[in-house]
Amino acid sequence: MTSKEAKISLKAPKGTRDWSGADLLLRDHVFETITNIFKLHGGTPLDTPVFELKEILAGKYGEEARLIYNLEDQGGELCALRYDLTVPFARWLAMNNVQQIKRYQIAKVYRRDQPAIARGRMREFYQCDFDIAGAYDPMIPDAEILRVISETFDALDQEITIKLNHRRILDGLFAVAGVPAEKTRPISSAVDKLDKEPWEAVKKEMVEQKGLPEEVADKIGQYVLNKGTLDEMIQFIKSDPNLFANDEIKAGIADMELLTSYSKELNTFDKISFDLSLARGLDYYTGLIFEVIQRPPNAKDADETRYPEKSSKNQDASAVGSIAAGGRYDNLVGMYGKKQIPCVGISFGVDRIFTILKARRGEKQGRAREVDVYVMAFGGKEFDGLLLQRMSVARQLWDAGIKAEFSAKVKPRLPQQFKAAEDVPLAVILGQDELADGKVRVKVLGTGKGSEEKDDKDKDQGQLVSRDDLVQEVKKLLQTNTLPIR
């Protein structure tokens with residue numbers, strides 16, 4: 001080995017990580033929970049390539065386009081790693097002339113962002129998307145998407161707030177404040193940073209970097225720092241004659257009034273905060289936009305909410321930021337095909353959700369594997385390891401769909417077998433005399449009373465059961481909620 005080879009750094013690339021054991025099982029639990037909700041709402045699965053033609057991704061992400069990973073030319077096609085799952089979905093809709101679908105996709109995306117792994121911000125990460133494509137009556141699909149969000153985080157036992165805004169309201173607000181049309185998207189991108197930066201920093205960017213007059217920036221600040229319930233904010237906007245005279249704002253309020261009615265019926269109203277500072281930096285959004293954050297521990301109940309609250313968004317943002325986000329994008333599909341297909345969707349940030357769930361778990365580590373039974377054997381001086389018998393019992397459990405393991409040694413020592421079974425709830429213990437009678441012992445592990453104890457009084461040698469009843473007894477024990485190891 002040369003000195004150069006010896007200096008290879010054994011680490012994952014910046015902004016990525018390896019997944020194994022308990023962490024991977026927890027992430028799989030998140031995937032399964034989210035997928036079940038998607039299926040509950042009639043979702044159809046979709047998978048698309050991890051890279052797309054560069055021209056497909058171009059011009060869709062505004063200032064965020066700088067975060068796209070471009071690939072070297074391979075055989076005459078300029079490609080890039082996908083930035084999200086939404087643009088590939090739009091390309092697929094146009095390419096296949098699909099007019100209506102509820103689609104879900106769980107896959108990795110890539111962004112050249114500055115990573116903060118402790119807060120769940122990665123360069124390679126999973127997104128779980130659910131989108132409703134097709135021409136439907138206003139706000140009905142949007143209201144169902146909010147219901148999907150609510151059901152998902154209820155299933156994950158997470159308290160959340162769904163922040164909402166409407167692109168037409170935001171654009172109308174900028175127009176009323178005096179923002180030139182050509183600066184609407186750059187100013188919107190600056191406002192979108194209010195969840196990470198104070199108003200003064202955002203105002204400075206608008207004035208010094210975006211060239212906006214200070215008085216216009218101040219007027220924007222009078223509006224975008226307001227938030228409240230749907231009812232409160234609709235009333236707030238309607239009560240301002242300058243705002244409600246704008247046609248874009250009127251159209252947006254009509255949508256929000258429909259959404260208010262639907263969200264009350266779908267039981268999502270109390271989780272919603274209508275937040276005028278929410279902008280979502282991506283260029284393709286055309287209507288409702290939303291972002292989901294973990295509800296802070298000291299959050300007020302809905303009936304204690306002020307009208308309207310003035311505050312920077314970062315006061316109630318959790319350390320990991322948004323854990324899901326999305327919105328309506330009615331014009332994206334038309335960029336690739338002859339026909340527009342209205343769409344609305346949500347993207348769940350699995351890595352950030354995982355960060356929260358793992359922090360909640362605290363020092364209590366989850367099981368690194370999902371084995372339910374460890375098959376072990378012991379005996380005296382004539383003990384030969386009972387390998388074939390252990391194999392036979394393991395096969396019996398596997399045939400019954402029970403997750404089981406045994407030592408891959410001919411004559412394993414009993415302490416080594418118990419150590420290998422540390423995170424397993426049950427043991428099936430084989431002994432020569434018991435096998436001769438057609439029986440084995442089933443022992444609950446994790447009680448602190450091991451079969452290797454020297455004091456016979458403290459020994460828990462397990463329950464003696466016949467081989468014929470083994471599967472039934474194991475299944476009965478696994479169905480109880482009293483096992484020390486789950």
# chains A, B, ... in the order shown; residues from 1 in each chain; ligands from 1

call {"tool": "select_by_dssp", "arguments": {"residues": "segment 389-439 of chain A", "states": "helix (DSSP H, G or I)", "output": "MDAnalysis selection string"}}
result
chainID A and resid 389:399 414:420 432:436

call {"tool": "atom_distance", "arguments": {"atom1": "atom CA of Ala107 of chain A", "atom2": "atom CA of Ala135 of chain A"}}
result
26.4 Å

call {"tool": "closest_residue", "arguments": {"among": "A:Ile68, A:Val424, A:Met122, A:Val333", "to": "Arg17 of chain A", "atoms": "only C-alpha atoms"}}
result
A:Met122

call {"tool": "atom_distance", "arguments": {"atom1": "atom CA of Cys79 of chain A", "atom2": "atom CA of Tyr110 of chain A"}}
result
13.2 Å

call {"tool": "closest_atom_pairs", "arguments": {"of": "segment 343-388 of chain A", "to": "segment 473-481 of chain A", "cutoff": "12 Å", "atoms": "only C-alpha atoms", "output": "JSON lines"}}
result
{"residue": "A:Val371", "atom": "CA", "partner": "A:Leu478", "partner_atom": "CA", "distance": 11.3}
{"residue": "A:Asp372", "atom": "CA", "partner": "A:Leu478", "partner_atom": "CA", "distance": 7.7}
{"residue": "A:Val373", "atom": "CA", "partner": "A:Val474", "partner_atom": "CA", "distance": 8.3}
{"residue": "A:Tyr374", "atom": "CA", "partner": "A:Val474", "partner_atom": "CA", "distance": 11.3}
{"residue": "A:Val375", "atom": "CA", "partner": "A:Val474", "partner_atom": "CA", "distance": 11.9}

call {"tool": "residues_around", "arguments": {"residues": "Glu63 of chain A", "least_positions_apart": "3", "cutoff": "9 Å", "atoms": "only C-alpha atoms", "output": "PDB file with N, CA, C and O atoms, in the first residue's frame"}}
result
ATOM      1  N   ARG A  66     -29.239  27.167  -7.717  1.00  0.00           N
ATOM      2  CA  ARG A  66     -27.790  27.054  -7.443  1.00  0.00           C
ATOM      3  C   ARG A  66     -27.479  25.804  -6.627  1.00  0.00           C
ATOM      4  O   ARG A  66     -26.319  25.384  -6.543  1.00  0.00           O
ATOM      5  N   LEU A  67     -28.492  25.193  -6.020  1.00  0.00           N
ATOM      6  CA  LEU A  67     -28.278  24.016  -5.177  1.00  0.00           C
ATOM      7  C   LEU A  67     -28.369  22.700  -5.956  1.00  0.00           C
ATOM      8  O   LEU A  67     -28.190  21.632  -5.386  1.00  0.00           O
ATOM      9  N   PRO A 186     -37.896  37.803  -6.559  1.00  0.00           N
ATOM     10  CA  PRO A 186     -36.743  38.018  -5.672  1.00  0.00           C
ATOM     11  C   PRO A 186     -37.142  38.499  -4.277  1.00  0.00           C
ATOM     12  O   PRO A 186     -36.561  38.068  -3.278  1.00  0.00           O
ATOM     13  N   SER A 189     -38.570  35.626  -2.359  1.00  0.00           N
ATOM     14  CA  SER A 189     -37.498  34.764  -1.870  1.00  0.00           C
ATOM     15  C   SER A 189     -36.874  35.327  -0.603  1.00  0.00           C
ATOM     16  O   SER A 189     -36.517  34.573   0.315  1.00  0.00           O
ATOM     17  N   GLY A 281     -39.904  29.596  -1.649  1.00  0.00           N
ATOM     18  CA  GLY A 281     -39.031  30.193  -2.647  1.00  0.00           C
ATOM     19  C   GLY A 281     -39.134  29.631  -4.049  1.00  0.00           C
ATOM     20  O   GLY A 281     -38.609  30.215  -4.985  1.00  0.00           O
ATOM     21  N   LEU A 282     -39.785  28.485  -4.235  1.00  0.00           N
ATOM     22  CA  LEU A 282     -39.806  27.857  -5.550  1.00  0.00           C
ATOM     23  C   LEU A 282     -40.757  28.593  -6.493  1.00  0.00           C
ATOM     24  O   LEU A 282     -41.862  28.958  -6.126  1.00  0.00           O
ATOM     25  N   ASP A 283     -40.314  28.754  -7.745  1.00  0.00           N
ATOM     26  CA  ASP A 283     -41.045  29.578  -8.698  1.00  0.00           C
ATOM     27  C   ASP A 283     -42.347  28.963  -9.185  1.00  0.00           C
ATOM     28  O   ASP A 283     -43.222  29.666  -9.686  1.00  0.00           O
TER      29      ASP A 283
END

call {"tool": "select_by_dssp", "arguments": {"residues": "segment 208-398 of chain A", "states": "strand (DSSP E or B)", "output": "PDB file with N, CA and C atoms, in the first residue's frame"}}
result
ATOM      1  N   ASN A 226     -47.781  39.531  10.070  1.00  0.00           N
ATOM      2  CA  ASN A 226     -49.075  39.184  10.669  1.00  0.00           C
ATOM      3  C   ASN A 226     -49.429  37.727  10.413  1.00  0.00           C
ATOM      4  N   LYS A 227     -49.984  37.083  11.425  1.00  0.00           N
ATOM      5  CA  LYS A 227     -50.474  35.720  11.277  1.00  0.00           C
ATOM      6  C   LYS A 227     -51.572  35.458  12.297  1.00  0.00           C
ATOM      7  N   GLY A 228     -52.378  34.457  12.049  1.00  0.00           N
ATOM      8  CA  GLY A 228     -53.473  34.105  12.946  1.00  0.00           C
ATOM      9  C   GLY A 228     -54.258  32.945  12.375  1.00  0.00           C
ATOM     10  N   ILE A 272     -54.108  24.981  11.710  1.00  0.00           N
ATOM     11  CA  ILE A 272     -53.677  25.889  10.645  1.00  0.00           C
ATOM     12  C   ILE A 272     -53.368  27.273  11.187  1.00  0.00           C
ATOM     13  N   SER A 273     -52.258  27.844  10.727  1.00  0.00           N
ATOM     14  CA  SER A 273     -51.915  29.243  10.985  1.00  0.00           C
ATOM     15  C   SER A 273     -51.767  29.941   9.633  1.00  0.00           C
ATOM     16  N   PHE A 274     -52.616  30.930   9.379  1.00  0.00           N
ATOM     17  CA  PHE A 274     -52.540  31.720   8.145  1.00  0.00           C
ATOM     18  C   PHE A 274     -51.443  32.758   8.365  1.00  0.00           C
ATOM     19  N   ASP A 275     -50.305  32.560   7.737  1.00  0.00           N
ATOM     20  CA  ASP A 275     -49.080  33.321   8.017  1.00  0.00           C
ATOM     21  C   ASP A 275     -48.646  34.066   6.760  1.00  0.00           C
ATOM     22  N   LEU A 288     -52.299  28.108  -3.191  1.00  0.00           N
ATOM     23  CA  LEU A 288     -52.058  27.815  -1.783  1.00  0.00           C
ATOM     24  C   LEU A 288     -50.647  27.280  -1.596  1.00  0.00           C
ATOM     25  N   ILE A 289     -49.952  27.762  -0.566  1.00  0.00           N
ATOM     26  CA  ILE A 289     -48.649  27.238  -0.185  1.00  0.00           C
ATOM     27  C   ILE A 289     -48.691  26.931   1.307  1.00  0.00           C
ATOM     28  N   PHE A 290     -47.941  25.934   1.721  1.00  0.00           N
ATOM     29  CA  PHE A 290     -47.975  25.568   3.141  1.00  0.00           C
ATOM     30  C   PHE A 290     -46.648  24.961   3.580  1.00  0.00           C
ATOM     31  N   GLU A 291     -46.446  25.017   4.866  1.00  0.00           N
ATOM     32  CA  GLU A 291     -45.231  24.529   5.497  1.00  0.00           C
ATOM     33  C   GLU A 291     -45.631  23.992   6.865  1.00  0.00           C
ATOM     34  N   VAL A 292     -45.058  22.884   7.269  1.00  0.00           N
ATOM     35  CA  VAL A 292     -45.417  22.255   8.541  1.00  0.00           C
ATOM     36  C   VAL A 292     -44.238  22.352   9.498  1.00  0.00           C
ATOM     37  N   ILE A 293     -44.496  22.822  10.717  1.00  0.00           N
ATOM     38  CA  ILE A 293     -43.454  22.874  11.736  1.00  0.00           C
ATOM     39  C   ILE A 293     -43.930  22.130  12.971  1.00  0.00           C
ATOM     40  N   GLN A 294     -42.975  21.675  13.752  1.00  0.00           N
ATOM     41  CA  GLN A 294     -43.298  21.053  15.025  1.00  0.00           C
ATOM     42  C   GLN A 294     -43.844  22.125  15.951  1.00  0.00           C
ATOM     43  N   GLU A 309     -51.506  38.238  15.356  1.00  0.00           N
ATOM     44  CA  GLU A 309     -50.214  38.215  16.049  1.00  0.00           C
ATOM     45  C   GLU A 309     -49.138  38.826  15.166  1.00  0.00           C
ATOM     46  N   LYS A 310     -48.315  39.687  15.748  1.00  0.00           N
ATOM     47  CA  LYS A 310     -47.183  40.239  15.013  1.00  0.00           C
ATOM     48  C   LYS A 310     -45.917  39.643  15.584  1.00  0.00           C
ATOM     49  N   ALA A 324     -42.369  19.415   6.664  1.00  0.00           N
ATOM     50  CA  ALA A 324     -43.122  19.090   5.451  1.00  0.00           C
ATOM     51  C   ALA A 324     -43.494  20.412   4.794  1.00  0.00           C
ATOM     52  N   ALA A 325     -43.650  20.386   3.490  1.00  0.00           N
ATOM     53  CA  ALA A 325     -43.990  21.625   2.775  1.00  0.00           C
ATOM     54  C   ALA A 325     -44.558  21.277   1.411  1.00  0.00           C
ATOM     55  N   GLY A 326     -45.298  22.233   0.842  1.00  0.00           N
ATOM     56  CA  GLY A 326     -45.857  21.996  -0.482  1.00  0.00           C
ATOM     57  C   GLY A 326     -46.749  23.139  -0.913  1.00  0.00           C
ATOM     58  N   GLY A 327     -47.612  22.851  -1.874  1.00  0.00           N
ATOM     59  CA  GLY A 327     -48.500  23.885  -2.373  1.00  0.00           C
ATOM     60  C   GLY A 327     -49.104  23.506  -3.711  1.00  0.00           C
ATOM     61  N   ARG A 328     -49.797  24.492  -4.281  1.00  0.00           N
ATOM     62  CA  ARG A 328     -50.464  24.292  -5.570  1.00  0.00           C
ATOM     63  C   ARG A 328     -49.572  24.809  -6.691  1.00  0.00           C
ATOM     64  N   CYS A 343     -52.231  20.891 -10.222  1.00  0.00           N
ATOM     65  CA  CYS A 343     -51.727  19.946  -9.220  1.00  0.00           C
ATOM     66  C   CYS A 343     -51.577  20.648  -7.874  1.00  0.00           C
ATOM     67  N   VAL A 344     -51.702  19.859  -6.806  1.00  0.00           N
ATOM     68  CA  VAL A 344     -51.385  20.333  -5.468  1.00  0.00           C
ATOM     69  C   VAL A 344     -50.774  19.163  -4.718  1.00  0.00           C
ATOM     70  N   GLY A 345     -49.765  19.436  -3.896  1.00  0.00           N
ATOM     71  CA  GLY A 345     -49.114  18.313  -3.224  1.00  0.00           C
ATOM     72  C   GLY A 345     -48.343  18.719  -1.986  1.00  0.00           C
ATOM     73  N   ILE A 346     -47.902  17.693  -1.250  1.00  0.00           N
ATOM     74  CA  ILE A 346     -47.144  17.867  -0.023  1.00  0.00           C
ATOM     75  C   ILE A 346     -45.904  16.977  -0.072  1.00  0.00           C
ATOM     76  N   SER A 347     -44.812  17.461   0.467  1.00  0.00           N
ATOM     77  CA  SER A 347     -43.579  16.688   0.559  1.00  0.00           C
ATOM     78  C   SER A 347     -43.148  16.630   2.021  1.00  0.00           C
ATOM     79  N   PHE A 348     -43.031  15.407   2.555  1.00  0.00           N
ATOM     80  CA  PHE A 348     -42.605  15.217   3.940  1.00  0.00           C
ATOM     81  C   PHE A 348     -41.091  15.035   3.987  1.00  0.00           C
ATOM     82  N   GLY A 349     -40.416  15.776   4.860  1.00  0.00           N
ATOM     83  CA  GLY A 349     -38.975  15.652   5.043  1.00  0.00           C
ATOM     84  C   GLY A 349     -38.652  14.569   6.054  1.00  0.00           C
ATOM     85  N   VAL A 373     -37.307 -14.123  18.424  1.00  0.00           N
ATOM     86  CA  VAL A 373     -36.944 -15.322  19.182  1.00  0.00           C
ATOM     87  C   VAL A 373     -35.488 -15.679  18.894  1.00  0.00           C
ATOM     88  N   TYR A 374     -34.745 -15.999  19.946  1.00  0.00           N
ATOM     89  CA  TYR A 374     -33.393 -16.529  19.774  1.00  0.00           C
ATOM     90  C   TYR A 374     -33.410 -17.980  20.235  1.00  0.00           C
ATOM     91  N   VAL A 375     -33.008 -18.883  19.339  1.00  0.00           N
ATOM     92  CA  VAL A 375     -32.990 -20.312  19.643  1.00  0.00           C
ATOM     93  C   VAL A 375     -31.612 -20.677  20.181  1.00  0.00           C
ATOM     94  N   MET A 376     -31.569 -21.169  21.407  1.00  0.00           N
ATOM     95  CA  MET A 376     -30.279 -21.491  22.021  1.00  0.00           C
ATOM     96  C   MET A 376     -30.334 -22.878  22.645  1.00  0.00           C
ATOM     97  N   ALA A 377     -29.160 -23.385  23.023  1.00  0.00           N
ATOM     98  CA  ALA A 377     -29.082 -24.722  23.614  1.00  0.00           C
ATOM     99  C   ALA A 377     -27.987 -24.748  24.666  1.00  0.00           C
TER     100      ALA A 377
END

call {"tool": "residues_around", "arguments": {"residues": "Thr268 of chain A", "least_positions_apart": "6", "cutoff": "10 Å", "atoms": "only C-alpha atoms", "output": "count of residues only"}}
result
12

call {"tool": "closest_residue", "arguments": {"among": "A:Leu387, A:Val176, A:Leu170, A:Leu426", "to": "Pro412 of chain A", "atoms": "only C-alpha atoms"}}
result
A:Leu387

call {"tool": "closest_residue", "arguments": {"among": "A:Val471, A:Ala427, A:Val224, A:Ile145", "to": "Leu397 of chain A", "atoms": "only C-alpha atoms"}}
result
A:Val471

call {"tool": "residues_around", "arguments": {"residues": "Val202 of chain A", "least_positions_apart": "2", "cutoff": "12 Å", "atoms": "only C-alpha atoms", "output": "PDB file with N, CA, C and O atoms, in the first residue's frame"}}
result
ATOM      1  N   PRO A 186     -37.896  37.803  -6.559  1.00  0.00           N
ATOM      2  CA  PRO A 186     -36.743  38.018  -5.672  1.00  0.00           C
ATOM      3  C   PRO A 186     -37.142  38.499  -4.277  1.00  0.00           C
ATOM      4  O   PRO A 186     -36.561  38.068  -3.278  1.00  0.00           O
ATOM      5  N   ILE A 187     -38.148  39.374  -4.197  1.00  0.00           N
ATOM      6  CA  ILE A 187     -38.594  39.862  -2.886  1.00  0.00           C
ATOM      7  C   ILE A 187     -39.301  38.735  -2.126  1.00  0.00           C
ATOM      8  O   ILE A 187     -39.142  38.579  -0.911  1.00  0.00           O
ATOM      9  N   SER A 188     -40.053  37.918  -2.855  1.00  0.00           N
ATOM     10  CA  SER A 188     -40.705  36.769  -2.234  1.00  0.00           C
ATOM     11  C   SER A 188     -39.665  35.820  -1.638  1.00  0.00           C
ATOM     12  O   SER A 188     -39.834  35.294  -0.531  1.00  0.00           O
ATOM     13  N   SER A 189     -38.570  35.626  -2.359  1.00  0.00           N
ATOM     14  CA  SER A 189     -37.498  34.764  -1.870  1.00  0.00           C
ATOM     15  C   SER A 189     -36.874  35.327  -0.603  1.00  0.00           C
ATOM     16  O   SER A 189     -36.517  34.573   0.315  1.00  0.00           O
ATOM     17  N   ALA A 190     -36.755  36.644  -0.527  1.00  0.00           N
ATOM     18  CA  ALA A 190     -36.199  37.271   0.687  1.00  0.00           C
ATOM     19  C   ALA A 190     -37.147  37.097   1.868  1.00  0.00           C
ATOM     20  O   ALA A 190     -36.729  36.749   2.980  1.00  0.00           O
ATOM     21  N   VAL A 191     -38.440  37.317   1.639  1.00  0.00           N
ATOM     22  CA  VAL A 191     -39.443  37.171   2.706  1.00  0.00           C
ATOM     23  C   VAL A 191     -39.461  35.736   3.233  1.00  0.00           C
ATOM     24  O   VAL A 191     -39.670  35.503   4.427  1.00  0.00           O
ATOM     25  N   ASP A 192     -39.198  34.792   2.348  1.00  0.00           N
ATOM     26  CA  ASP A 192     -39.211  33.378   2.739  1.00  0.00           C
ATOM     27  C   ASP A 192     -38.159  33.053   3.795  1.00  0.00           C
ATOM     28  O   ASP A 192     -38.234  32.011   4.454  1.00  0.00           O
ATOM     29  N   LYS A 193     -37.192  33.929   3.988  1.00  0.00           N
ATOM     30  CA  LYS A 193     -36.130  33.688   4.976  1.00  0.00           C
ATOM     31  C   LYS A 193     -36.523  34.119   6.384  1.00  0.00           C
ATOM     32  O   LYS A 193     -35.726  33.995   7.311  1.00  0.00           O
ATOM     33  N   LEU A 194     -37.755  34.621   6.541  1.00  0.00           N
ATOM     34  CA  LEU A 194     -38.172  35.099   7.865  1.00  0.00           C
ATOM     35  C   LEU A 194     -38.290  33.994   8.907  1.00  0.00           C
ATOM     36  O   LEU A 194     -38.392  34.270  10.095  1.00  0.00           O
ATOM     37  N   ASP A 195     -38.292  32.730   8.467  1.00  0.00           N
ATOM     38  CA  ASP A 195     -38.317  31.652   9.457  1.00  0.00           C
ATOM     39  C   ASP A 195     -36.937  31.391  10.033  1.00  0.00           C
ATOM     40  O   ASP A 195     -36.802  30.686  11.041  1.00  0.00           O
ATOM     41  N   LYS A 196     -35.897  31.981   9.408  1.00  0.00           N
ATOM     42  CA  LYS A 196     -34.530  31.773   9.885  1.00  0.00           C
ATOM     43  C   LYS A 196     -33.868  33.068  10.337  1.00  0.00           C
ATOM     44  O   LYS A 196     -32.917  33.051  11.134  1.00  0.00           O
ATOM     45  N   GLU A 197     -34.350  34.209   9.832  1.00  0.00           N
ATOM     46  CA  GLU A 197     -33.697  35.485  10.109  1.00  0.00           C
ATOM     47  C   GLU A 197     -34.709  36.507  10.619  1.00  0.00           C
ATOM     48  O   GLU A 197     -35.889  36.447  10.276  1.00  0.00           O
ATOM     49  N   PRO A 198     -34.251  37.462  11.438  1.00  0.00           N
ATOM     50  CA  PRO A 198     -35.157  38.527  11.914  1.00  0.00           C
ATOM     51  C   PRO A 198     -35.549  39.469  10.788  1.00  0.00           C
ATOM     52  O   PRO A 198     -34.883  39.531   9.745  1.00  0.00           O
ATOM     53  N   TRP A 199     -36.619  40.231  11.013  1.00  0.00           N
ATOM     54  CA  TRP A 199     -37.127  41.152   9.999  1.00  0.00           C
ATOM     55  C   TRP A 199     -36.063  42.135   9.534  1.00  0.00           C
ATOM     56  O   TRP A 199     -35.956  42.417   8.335  1.00  0.00           O
ATOM     57  N   GLU A 200     -35.271  42.656  10.434  1.00  0.00           N
ATOM     58  CA  GLU A 200     -34.275  43.666  10.059  1.00  0.00           C
ATOM     59  C   GLU A 200     -33.282  43.113   9.045  1.00  0.00           C
ATOM     60  O   GLU A 200     -32.859  43.823   8.126  1.00  0.00           O
ATOM     61  N   LYS A 204     -32.940  44.425   5.202  1.00  0.00           N
ATOM     62  CA  LYS A 204     -31.636  44.861   4.692  1.00  0.00           C
ATOM     63  C   LYS A 204     -31.339  44.196   3.350  1.00  0.00           C
ATOM     64  O   LYS A 204     -30.846  44.844   2.415  1.00  0.00           O
ATOM     65  N   GLU A 205     -31.665  42.907   3.218  1.00  0.00           N
ATOM     66  CA  GLU A 205     -31.446  42.209   1.949  1.00  0.00           C
ATOM     67  C   GLU A 205     -32.311  42.807   0.846  1.00  0.00           C
ATOM     68  O   GLU A 205     -31.842  43.020  -0.287  1.00  0.00           O
ATOM     69  N   MET A 206     -33.573  43.110   1.173  1.00  0.00           N
ATOM     70  CA  MET A 206     -34.477  43.661   0.163  1.00  0.00           C
ATOM     71  C   MET A 206     -34.001  45.024  -0.324  1.00  0.00           C
ATOM     72  O   MET A 206     -34.073  45.333  -1.510  1.00  0.00           O
ATOM     73  N   VAL A 207     -33.494  45.833   0.590  1.00  0.00           N
ATOM     74  CA  VAL A 207     -33.085  47.205   0.242  1.00  0.00           C
ATOM     75  C   VAL A 207     -31.706  47.214  -0.405  1.00  0.00           C
ATOM     76  O   VAL A 207     -31.509  47.808  -1.481  1.00  0.00           O
ATOM     77  N   GLU A 208     -30.733  46.548   0.237  1.00  0.00           N
ATOM     78  CA  GLU A 208     -29.347  46.660  -0.216  1.00  0.00           C
ATOM     79  C   GLU A 208     -29.002  45.703  -1.346  1.00  0.00           C
ATOM     80  O   GLU A 208     -28.193  46.030  -2.229  1.00  0.00           O
ATOM     81  N   GLN A 209     -29.586  44.509  -1.353  1.00  0.00           N
ATOM     82  CA  GLN A 209     -29.238  43.531  -2.385  1.00  0.00           C
ATOM     83  C   GLN A 209     -30.257  43.486  -3.525  1.00  0.00           C
ATOM     84  O   GLN A 209     -29.886  43.298  -4.680  1.00  0.00           O
ATOM     85  N   LYS A 210     -31.519  43.687  -3.192  1.00  0.00           N
ATOM     86  CA  LYS A 210     -32.561  43.590  -4.222  1.00  0.00           C
ATOM     87  C   LYS A 210     -32.941  44.962  -4.800  1.00  0.00           C
ATOM     88  O   LYS A 210     -33.724  45.027  -5.741  1.00  0.00           O
ATOM     89  N   LEU A 212     -34.704  47.498  -3.414  1.00  0.00           N
ATOM     90  CA  LEU A 212     -36.059  47.956  -3.117  1.00  0.00           C
ATOM     91  C   LEU A 212     -35.997  49.226  -2.276  1.00  0.00           C
ATOM     92  O   LEU A 212     -35.210  49.313  -1.331  1.00  0.00           O
ATOM     93  N   GLU A 214     -36.610  51.774   0.673  1.00  0.00           N
ATOM     94  CA  GLU A 214     -36.814  51.439   2.072  1.00  0.00           C
ATOM     95  C   GLU A 214     -38.278  51.594   2.481  1.00  0.00           C
ATOM     96  O   GLU A 214     -38.799  50.791   3.266  1.00  0.00           O
ATOM     97  N   ALA A 217     -40.128  48.525   1.501  1.00  0.00           N
ATOM     98  CA  ALA A 217     -39.791  47.425   2.409  1.00  0.00           C
ATOM     99  C   ALA A 217     -40.539  47.567   3.731  1.00  0.00           C
ATOM    100  O   ALA A 217     -41.050  46.583   4.283  1.00  0.00           O
ATOM    101  N   ASP A 218     -40.629  48.796   4.251  1.00  0.00           N
ATOM    102  CA  ASP A 218     -41.351  49.022   5.508  1.00  0.00           C
ATOM    103  C   ASP A 218     -42.828  48.676   5.362  1.00  0.00           C
ATOM    104  O   ASP A 218     -43.449  48.130   6.288  1.00  0.00           O
ATOM    105  N   ILE A 220     -44.071  46.475   3.288  1.00  0.00           N
ATOM    106  CA  ILE A 220     -44.152  45.010   3.257  1.00  0.00           C
ATOM    107  C   ILE A 220     -44.148  44.467   4.682  1.00  0.00           C
ATOM    108  O   ILE A 220     -44.918  43.577   5.035  1.00  0.00           O
ATOM    109  N   GLY A 221     -43.269  45.028   5.515  1.00  0.00           N
ATOM    110  CA  GLY A 221     -43.163  44.583   6.904  1.00  0.00           C
ATOM    111  C   GLY A 221     -44.453  44.759   7.682  1.00  0.00           C
ATOM    112  O   GLY A 221     -44.754  43.973   8.584  1.00  0.00           O
ATOM    113  N   VAL A 224     -46.412  41.428   6.261  1.00  0.00           N
ATOM    114  CA  VAL A 224     -45.950  40.035   6.308  1.00  0.00           C
ATOM    115  C   VAL A 224     -45.672  39.532   7.718  1.00  0.00           C
ATOM    116  O   VAL A 224     -45.512  38.323   7.914  1.00  0.00           O
ATOM    117  N   LEU A 225     -45.628  40.392   8.707  1.00  0.00           N
ATOM    118  CA  LEU A 225     -45.393  39.928  10.070  1.00  0.00           C
ATOM    119  C   LEU A 225     -46.689  39.584  10.801  1.00  0.00           C
ATOM    120  O   LEU A 225     -46.693  39.362  12.009  1.00  0.00           O
ATOM    121  N   SER A 277     -46.133  35.775   6.175  1.00  0.00           N
ATOM    122  CA  SER A 277     -44.694  35.769   5.883  1.00  0.00           C
ATOM    123  C   SER A 277     -44.272  34.515   5.126  1.00  0.00           C
ATOM    124  O   SER A 277     -43.136  34.433   4.643  1.00  0.00           O
ATOM    125  N   SER A 312     -41.885  37.570  14.315  1.00  0.00           N
ATOM    126  CA  SER A 312     -41.052  36.929  13.312  1.00  0.00           C
ATOM    127  C   SER A 312     -41.351  35.443  13.319  1.00  0.00           C
ATOM    128  O   SER A 312     -41.613  34.854  14.353  1.00  0.00           O
ATOM    129  N   LYS A 313     -41.301  34.819  12.154  1.00  0.00           N
ATOM    130  CA  LYS A 313     -41.615  33.401  12.070  1.00  0.00           C
ATOM    131  C   LYS A 313     -40.680  32.546  12.913  1.00  0.00           C
ATOM    132  O   LYS A 313     -41.048  31.482  13.378  1.00  0.00           O
TER     133      LYS A 313
END

call {"tool": "residues_around", "arguments": {"residues": "Ala251 of chain A", "least_positions_apart": "4", "cutoff": "9 Å", "atoms": "only C-alpha atoms", "output": "number ranges by chain"}}
result
A: 168-169, 246-247, 255-256

call {"tool": "atom_distance", "arguments": {"atom1": "atom CA of Gly362 of chain A", "atom2": "atom CA of Lys419 of chain A"}}
result
23.7 Å
